[in-house]
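> Next comes entry22.cif, mmCIF, C-alpha atoms and all ligand atoms:
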data_start
loop_
_atom_site.label_atom_id
_atom_site.label_comp_id
_atom_site.auth_asym_id
_atom_site.auth_seq_id
_atom_site.Cartn_x
_atom_site.Cartn_y
_atom_site.Cartn_z
CA MET A 1 24.66 -0.72 71.67
CA GLU A 2 27.04 -3.09 69.85
CA ASN A 3 28.95 -1.35 67.05
CA ASP A 4 27.37 -2.96 63.99
CA ILE A 5 23.83 -2.78 65.35
CA ILE A 6 21.99 0.06 63.63
CA ILE A 7 18.50 -0.57 65.07
CA LYS A 8 17.72 -2.14 68.43
CA VAL A 9 14.11 -3.00 69.18
CA ASP A 10 13.95 -3.86 72.86
CA HIS A 11 10.80 -5.36 74.43
CA VAL A 12 8.50 -3.06 72.42
CA SER A 13 4.76 -3.11 73.08
CA MET A 14 2.22 -0.75 71.55
CA LYS A 15 -1.24 -0.15 72.94
CA PHE A 16 -4.09 1.61 71.14
CA ASN A 17 -7.27 2.67 72.89
CA LEU A 18 -10.32 1.92 70.78
CA ALA A 19 -13.62 3.60 71.72
CA SER A 20 -16.08 0.79 72.36
CA GLU A 21 -19.27 2.78 71.68
CA ARG A 22 -20.80 4.85 68.92
CA PHE A 23 -21.56 8.57 69.20
CA ASP A 24 -24.35 10.53 67.55
CA GLY A 25 -22.02 13.38 66.70
CA PHE A 26 -18.70 15.05 67.34
CA LYS A 27 -20.27 17.32 70.00
CA GLU A 28 -21.47 14.35 72.06
CA TYR A 29 -18.02 12.77 71.71
CA VAL A 30 -16.24 15.91 72.96
CA ILE A 31 -18.61 16.39 75.93
CA ARG A 32 -18.37 12.78 77.04
CA SER A 33 -14.64 12.76 76.45
CA LEU A 34 -14.24 15.84 78.71
CA LYS A 35 -16.43 14.19 81.35
CA LYS A 36 -14.27 11.08 80.96
CA GLN A 37 -17.39 9.03 80.23
CA ILE A 38 -16.04 7.17 77.23
CA LYS A 39 -15.25 3.49 77.60
CA TYR A 40 -12.19 2.27 75.75
CA ASN A 41 -11.06 -1.20 74.84
CA GLU A 42 -7.33 -1.67 75.10
CA PHE A 43 -5.77 -3.17 72.02
CA TRP A 44 -2.15 -4.30 71.92
CA ALA A 45 -0.88 -4.03 68.33
CA LEU A 46 2.65 -5.11 69.38
CA LYS A 47 3.48 -7.36 72.29
CA ASP A 48 7.01 -7.51 73.71
CA VAL A 49 8.88 -7.51 70.39
CA SER A 50 12.71 -7.57 70.44
CA PHE A 51 15.22 -7.85 67.59
CA ASP A 52 18.45 -6.26 66.35
CA VAL A 53 19.18 -5.04 62.83
CA TYR A 54 22.80 -4.93 61.68
CA ARG A 55 24.24 -2.30 59.33
CA GLY A 56 23.69 -3.40 55.73
CA ASP A 57 20.90 -5.88 56.59
CA SER A 58 17.70 -5.82 54.62
CA LEU A 59 14.97 -6.90 56.97
CA GLY A 60 11.50 -7.91 55.80
CA LEU A 61 8.46 -7.73 58.07
CA ILE A 62 5.83 -10.28 57.17
CA GLY A 63 2.50 -11.31 58.66
CA LEU A 64 -1.21 -11.29 57.89
CA ASN A 65 -3.32 -8.10 57.78
CA GLY A 66 -3.34 -6.33 61.12
CA SER A 67 -0.41 -8.29 62.55
CA GLY A 68 1.48 -5.08 63.45
CA LYS A 69 3.96 -4.59 60.59
CA SER A 70 3.22 -0.91 59.88
CA THR A 71 2.99 -0.14 63.59
CA MET A 72 6.47 -1.65 64.03
CA LEU A 73 7.87 0.44 61.16
CA LYS A 74 6.27 3.60 62.56
CA THR A 75 7.90 3.09 65.96
CA ILE A 76 11.28 2.71 64.21
CA ALA A 77 10.63 5.81 62.06
CA GLY A 78 9.83 7.72 65.27
CA VAL A 79 6.24 8.43 64.16
CA LEU A 80 4.83 6.43 67.09
CA LYS A 81 6.27 6.14 70.58
CA PRO A 82 6.03 2.63 72.00
CA THR A 83 3.84 2.18 75.08
CA LYS A 84 6.52 -0.06 76.59
CA GLY A 85 10.12 -0.81 75.66
CA THR A 86 12.56 1.18 73.54
CA VAL A 87 13.70 1.57 69.95
CA SER A 88 17.26 2.82 69.39
CA VAL A 89 18.24 3.96 65.91
CA ARG A 90 21.68 5.02 64.68
CA GLY A 91 21.76 7.31 61.65
CA ASN A 92 19.22 9.02 59.47
CA VAL A 93 16.00 7.37 58.34
CA ALA A 94 14.23 7.89 55.01
CA PRO A 95 10.67 6.73 55.58
CA LEU A 96 8.67 5.57 52.56
CA ILE A 97 5.44 5.31 54.51
CA GLU A 98 2.11 6.66 53.28
CA LEU A 99 3.67 8.29 50.23
CA GLY A 100 2.46 11.79 49.55
CA ALA A 101 1.06 12.26 53.09
CA GLY A 102 3.15 15.42 53.49
CA PHE A 103 1.95 17.05 50.26
CA ASP A 104 -0.17 20.18 50.08
CA PHE A 105 -2.49 19.28 47.23
CA GLU A 106 -3.24 22.93 46.38
CA LEU A 107 0.44 23.56 45.61
CA THR A 108 2.25 22.62 42.40
CA ALA A 109 4.55 19.63 42.09
CA LYS A 110 7.56 21.93 42.12
CA GLU A 111 6.42 23.68 45.31
CA ASN A 112 5.72 20.32 46.91
CA ILE A 113 9.25 19.12 46.16
CA TYR A 114 10.61 21.88 48.39
CA LEU A 115 7.85 21.52 51.01
CA ASN A 116 8.22 17.74 51.27
CA GLY A 117 12.00 18.04 51.30
CA ALA A 118 11.75 20.44 54.23
CA LEU A 119 9.48 17.99 56.07
CA LEU A 120 12.13 15.31 55.54
CA GLY A 121 14.73 17.65 57.02
CA HIS A 122 16.47 18.84 53.82
CA SER A 123 17.43 22.47 53.19
CA ARG A 124 16.35 24.38 50.08
CA GLU A 125 19.93 24.10 48.73
CA VAL A 126 19.92 20.31 49.10
CA MET A 127 16.57 20.13 47.31
CA GLN A 128 17.89 22.39 44.53
CA GLU A 129 20.81 20.01 44.08
CA HIS A 130 18.49 17.03 43.74
CA TYR A 131 15.69 18.81 41.85
CA GLU A 132 16.72 17.59 38.40
CA ASP A 133 17.04 13.99 39.61
CA ILE A 134 13.56 14.13 41.17
CA VAL A 135 12.00 15.48 37.96
CA GLU A 136 13.85 12.92 35.86
CA PHE A 137 13.08 9.93 38.08
CA SER A 138 9.40 10.78 38.54
CA GLU A 139 8.98 11.29 34.76
CA LEU A 140 6.72 14.24 35.49
CA ARG A 141 8.70 17.04 33.84
CA GLU A 142 5.75 18.58 32.02
CA PHE A 143 3.62 18.53 35.19
CA MET A 144 5.93 20.47 37.50
CA ASP A 145 3.73 23.60 37.45
CA VAL A 146 0.46 21.70 37.86
CA PRO A 147 -1.24 21.57 41.31
CA VAL A 148 -0.87 18.10 42.79
CA LYS A 149 -4.67 17.90 43.28
CA ASN A 150 -4.88 17.24 39.53
CA PHE A 151 -2.48 14.27 39.70
CA SER A 152 -3.54 10.63 39.57
CA SER A 153 -2.65 8.58 42.66
CA GLY A 154 0.14 6.89 40.68
CA MET A 155 1.63 10.29 39.78
CA VAL A 156 1.51 11.38 43.44
CA SER A 157 3.32 8.21 44.48
CA ARG A 158 5.98 8.63 41.79
CA LEU A 159 6.72 12.17 42.88
CA ALA A 160 6.76 11.21 46.57
CA PHE A 161 9.05 8.21 45.94
CA ALA A 162 11.47 10.35 43.92
CA ILE A 163 11.63 12.94 46.72
CA ALA A 164 11.98 10.44 49.56
CA THR A 165 14.83 8.55 47.93
CA ILE A 166 17.27 11.37 47.21
CA GLY A 167 20.77 10.67 48.51
CA ILE A 168 21.70 7.50 50.38
CA PRO A 169 20.10 7.29 53.82
CA ASP A 170 21.52 5.06 56.58
CA ILE A 171 18.13 3.40 56.89
CA LEU A 172 15.40 3.19 54.26
CA ILE A 173 11.92 2.18 55.41
CA VAL A 174 9.71 0.84 52.63
CA ASP A 175 6.09 0.14 53.58
CA GLU A 176 4.10 -1.42 50.74
CA VAL A 177 5.10 1.37 48.37
CA LEU A 178 6.27 -1.00 45.66
CA SER A 179 2.66 -1.91 45.00
CA VAL A 180 1.91 1.64 43.79
CA GLY A 181 2.48 2.95 40.29
CA ASP A 182 2.46 0.80 37.19
CA PHE A 183 4.55 -2.32 36.67
CA ARG A 184 7.40 -0.55 34.88
CA PHE A 185 7.67 2.12 37.54
CA GLN A 186 7.63 -0.54 40.29
CA GLN A 187 10.68 -2.15 38.68
CA LYS A 188 12.40 1.22 38.56
CA CYS A 189 11.70 1.76 42.28
CA GLU A 190 12.97 -1.73 43.10
CA GLN A 191 16.17 -0.97 41.18
CA ARG A 192 16.66 2.25 43.12
CA ILE A 193 16.25 0.38 46.41
CA ARG A 194 18.82 -2.19 45.25
CA ASN A 195 21.28 0.60 44.39
CA MET A 196 20.87 1.99 47.89
CA MET A 197 21.51 -1.47 49.35
CA GLU A 198 24.69 -1.73 47.28
CA GLN A 199 25.80 1.62 48.69
CA GLY A 200 25.40 0.23 52.21
CA ALA A 201 21.92 1.41 53.23
CA THR A 202 20.00 -0.74 55.70
CA ILE A 203 16.50 -1.58 54.47
CA LEU A 204 13.30 -2.31 56.37
CA PHE A 205 10.73 -3.69 54.00
CA VAL A 206 7.02 -4.53 54.24
CA SER A 207 5.28 -6.20 51.35
CA HIS A 208 2.52 -8.74 50.91
CA SER A 209 4.51 -10.14 47.99
CA ILE A 210 6.59 -12.91 49.56
CA GLN A 211 8.54 -13.13 46.32
CA GLN A 212 9.62 -9.49 46.71
CA VAL A 213 10.63 -10.15 50.33
CA LYS A 214 12.69 -13.18 49.23
CA ASP A 215 14.30 -11.13 46.45
CA ILE A 216 15.22 -8.13 48.57
CA CYS A 217 15.68 -9.30 52.19
CA ASN A 218 18.29 -11.41 53.97
CA LYS A 219 16.42 -11.47 57.29
CA VAL A 220 12.76 -11.56 58.26
CA VAL A 221 10.59 -10.79 61.27
CA TRP A 222 7.28 -12.68 61.17
CA LEU A 223 4.56 -11.02 63.25
CA GLU A 224 1.35 -12.74 64.33
CA HIS A 225 -1.26 -10.73 66.26
CA GLY A 226 1.48 -8.37 67.41
CA VAL A 227 3.75 -11.16 68.67
CA MET A 228 7.07 -11.98 66.99
CA LYS A 229 6.60 -15.57 65.85
CA ARG A 230 9.92 -15.97 64.03
CA PHE A 231 13.09 -13.95 63.39
CA GLY A 232 16.00 -15.05 61.22
CA ASP A 233 16.96 -16.17 57.71
CA ALA A 234 14.60 -14.69 55.09
CA LEU A 235 14.35 -17.68 52.73
CA GLU A 236 13.73 -20.19 55.50
CA ILE A 237 11.03 -18.13 57.23
CA CYS A 238 9.33 -17.12 53.95
CA GLU A 239 9.09 -20.83 53.04
CA GLU A 240 7.50 -21.59 56.39
CA TYR A 241 5.15 -18.59 56.09
CA SER A 242 4.03 -19.71 52.61
CA GLN A 243 2.80 -23.02 54.10
CA ILE A 244 0.17 -21.40 56.39
N1 LIG B 301 -3.75 4.58 65.25
C1 LIG B 301 -4.37 3.43 65.53
N2 LIG B 301 -5.41 3.41 66.39
C2 LIG B 301 -6.01 2.24 66.69
N3 LIG B 301 -5.67 1.04 66.20
C3 LIG B 301 -4.64 1.01 65.34
C4 LIG B 301 -3.93 2.19 64.96
N4 LIG B 301 -2.96 1.84 64.08
C5 LIG B 301 -3.05 0.51 63.93
N5 LIG B 301 -4.05 0.01 64.68
C6 LIG B 301 -4.45 -1.42 64.79
O1 LIG B 301 -3.28 -2.16 65.09
C7 LIG B 301 -3.30 -3.40 64.39
C8 LIG B 301 -2.03 -3.53 63.59
O2 LIG B 301 -2.08 -2.61 62.50
P1 LIG B 301 -0.91 -2.48 61.43
O3 LIG B 301 -1.31 -1.44 60.45
O4 LIG B 301 0.39 -2.34 62.13
O5 LIG B 301 -0.96 -3.93 60.75
P2 LIG B 301 -0.25 -4.45 59.41
O6 LIG B 301 0.38 -5.76 59.77
O7 LIG B 301 0.62 -3.41 58.85
O8 LIG B 301 -1.52 -4.70 58.51
P3 LIG B 301 -1.73 -4.68 56.90
O9 LIG B 301 -1.04 -5.90 56.38
O10 LIG B 301 -3.20 -4.78 56.77
O11 LIG B 301 -1.16 -3.39 56.38
C9 LIG B 301 -4.57 -3.41 63.54
O12 LIG B 301 -5.54 -4.17 64.20
C10 LIG B 301 -4.97 -1.96 63.48
O13 LIG B 301 -6.37 -1.83 63.42
#
Turn this file's structure into structure tokens for me.
Ligand SMILES: Nc1ncnc2c1ncn2[C@@H]1O[C@H](COP(=O)(O)OP(=O)(O)OP(=O)(O)O)[C@@H](O)[C@H]1O


Amino acid sequence: MENDIIIKVDHVSMKFNLASERFDGFKEYVIRSLKKQIKYNEFWALKDVSFDVYRGDSLGLIGLNGSGKSTMLKTIAGVLKPTKGTVSVRGNVAPLIELGAGFDFELTAKENIYLNGALLGHSREVMQEHYEDIVEFSELREFMDVPVKNFSSGMVSRLAFAIATIGIPDILIVDEVLSVGDFRFQQKCEQRIRNMMEQGATILFVSHSIQQVKDICNKVVWLEHGVMKRFGDALEICEEYSQI
């Protein structure tokens, strides 16, 4: 892989099998599944997608609902393995995907900071170092001993964002998370992402706000029904996309 290339997406295709019938219950599903009697429709969410991301790039993924943006991000984050092709990634990835998915809602915010940190691969010492910053950034100081099940969805997102953005990762993956929280907190998150970019982090960004993509990204991948329609300069492609 060329030196400055930090992510190489090489002929990636992703197939999902969708059950094409309804079942009366879970038991029927299990029995028919074991007897291999279930018919599936193949669905290709990504079709032969290739592009390179250079260190320090901020790449936006745009496209209509269901075009494959999140699936693409998940293959890069290593959450999904492509059916065909390969994804090579250099460096550590901080995934801001489905914020709060790793929380145990019965535990307190404080306990979840350590739990979520561990899931992201950080030791207890590292989390202790960043604890104050997480509390400060999330603005949830008085709620640290409250079980997360009592949080509003905005509070959950704030805590999850603060945890996922400690330190400066090589690659930051941001999937629609800037649409959570209130307007003021969104601006704060955007500022934190910009700081990371200034420190050299590479950003992968999905948003339905084309203005946000124009503001943050220098390059864009435009997906249409899983096919890469365009790849290149962000402003040019966003202009073209806005005309459809
Ligand atoms: N685990 C899965 N099983 C089956 N189908 C899936 C799965 N994940 C995604 N899909 C399908 O793949 C297609 C692409 O989904 P994806 O979430 O990547 O699109 P998207 O561009 O991020 O959409 P949106 O803008 O609505 O968030 C959709 O048709 C979706 O239904």

> Grab me every residue within 8 Å of ligand LIG 301 (chain B), counting all atoms listed in the file, and send it over as a PyMOL selection string.

chain A and resi 16-18+43-46+62-72+176+206+208+223+225-226

> Just to be explicit: take each residue in the selection above, keep C-alpha atoms, and write the result as a short mmCIF file (atom, residue, chain, number, x, y, z; two decimals), in the frame of the given file.


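Written output follows (result-v1.cif):
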data_model
loop_
_atom_site.label_atom_id
_atom_site.label_comp_id
_atom_site.auth_asym_id
_atom_site.auth_seq_id
_atom_site.Cartn_x
_atom_site.Cartn_y
_atom_site.Cartn_z
CA PHE A 16 -4.09 1.61 71.14
CA ASN A 17 -7.27 2.67 72.89
CA LEU A 18 -10.32 1.92 70.78
CA PHE A 43 -5.77 -3.17 72.02
CA TRP A 44 -2.15 -4.30 71.92
CA ALA A 45 -0.88 -4.03 68.33
CA LEU A 46 2.65 -5.11 69.38
CA ILE A 62 5.83 -10.28 57.17
CA GLY A 63 2.50 -11.31 58.66
CA LEU A 64 -1.21 -11.29 57.89
CA ASN A 65 -3.32 -8.10 57.78
CA GLY A 66 -3.34 -6.33 61.12
CA SER A 67 -0.41 -8.29 62.55
CA GLY A 68 1.48 -5.08 63.45
CA LYS A 69 3.96 -4.59 60.59
CA SER A 70 3.22 -0.91 59.88
CA THR A 71 2.99 -0.14 63.59
CA MET A 72 6.47 -1.65 64.03
CA GLU A 176 4.10 -1.42 50.74
CA VAL A 206 7.02 -4.53 54.24
CA HIS A 208 2.52 -8.74 50.91
CA LEU A 223 4.56 -11.02 63.25
CA HIS A 225 -1.26 -10.73 66.26
CA GLY A 226 1.48 -8.37 67.41
#

> Determine, counting only C-alpha atoms, which protein, DNA and RNA residues have an atom within 10 Å of an atom of segment 210-212 of chain A; residues of the same chain fewer than 5 positions away are not included. Present the result as number ranges by chain.

A: 60, 62, 178, 190, 205, 217, 234-235, 238-239, 241-242

> Of the residues A:Trp222, A:Asp4, A:Gly167, A:Lys188, which is the one nearest to Asn92 of chain A, using all atoms listed in the file?

A:Gly167

> Excluding Leu172 of chain A and any residue of its chain fewer than 4 positions from it, enumerate the residues within 9 Å of it, using all atoms listed in the file, and give them as a list of chain:residue names.

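Returned residues: A:Asn92, A:Val93, A:Ala94, A:Pro95, A:Leu96, A:Thr165, A:Ile168, A:Ile193, A:Met196, A:Ala201, A:Thr202, A:Ile203, A:Leu204, A:Phe205.
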
> Would you put the residues from that selection into a file with C-alpha atoms, as a tab-separated table (two decimals), keeping the file's coordinate frame?


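The result, stored in part.tsv:
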chain	number	residue	atom	x	y	z
A	92	ASN	CA	19.22	9.02	59.47
A	93	VAL	CA	16.00	7.37	58.34
A	94	ALA	CA	14.23	7.89	55.01
A	95	PRO	CA	10.67	6.73	55.58
A	96	LEU	CA	8.67	5.57	52.56
A	165	THR	CA	14.83	8.55	47.93
A	168	ILE	CA	21.70	7.50	50.38
A	193	ILE	CA	16.25	0.38	46.41
A	196	MET	CA	20.87	1.99	47.89
A	201	ALA	CA	21.92	1.41	53.23
A	202	THR	CA	20.00	-0.74	55.70
A	203	ILE	CA	16.50	-1.58	54.47
A	204	LEU	CA	13.30	-2.31	56.37
A	205	PHE	CA	10.73	-3.69	54.00

> Nearest to Leu159 of chain A among A:Leu34, A:Met144, A:Ile6, A:Ala77, with distances taken over all atoms listed in the file: which residue is it?

A:Met144
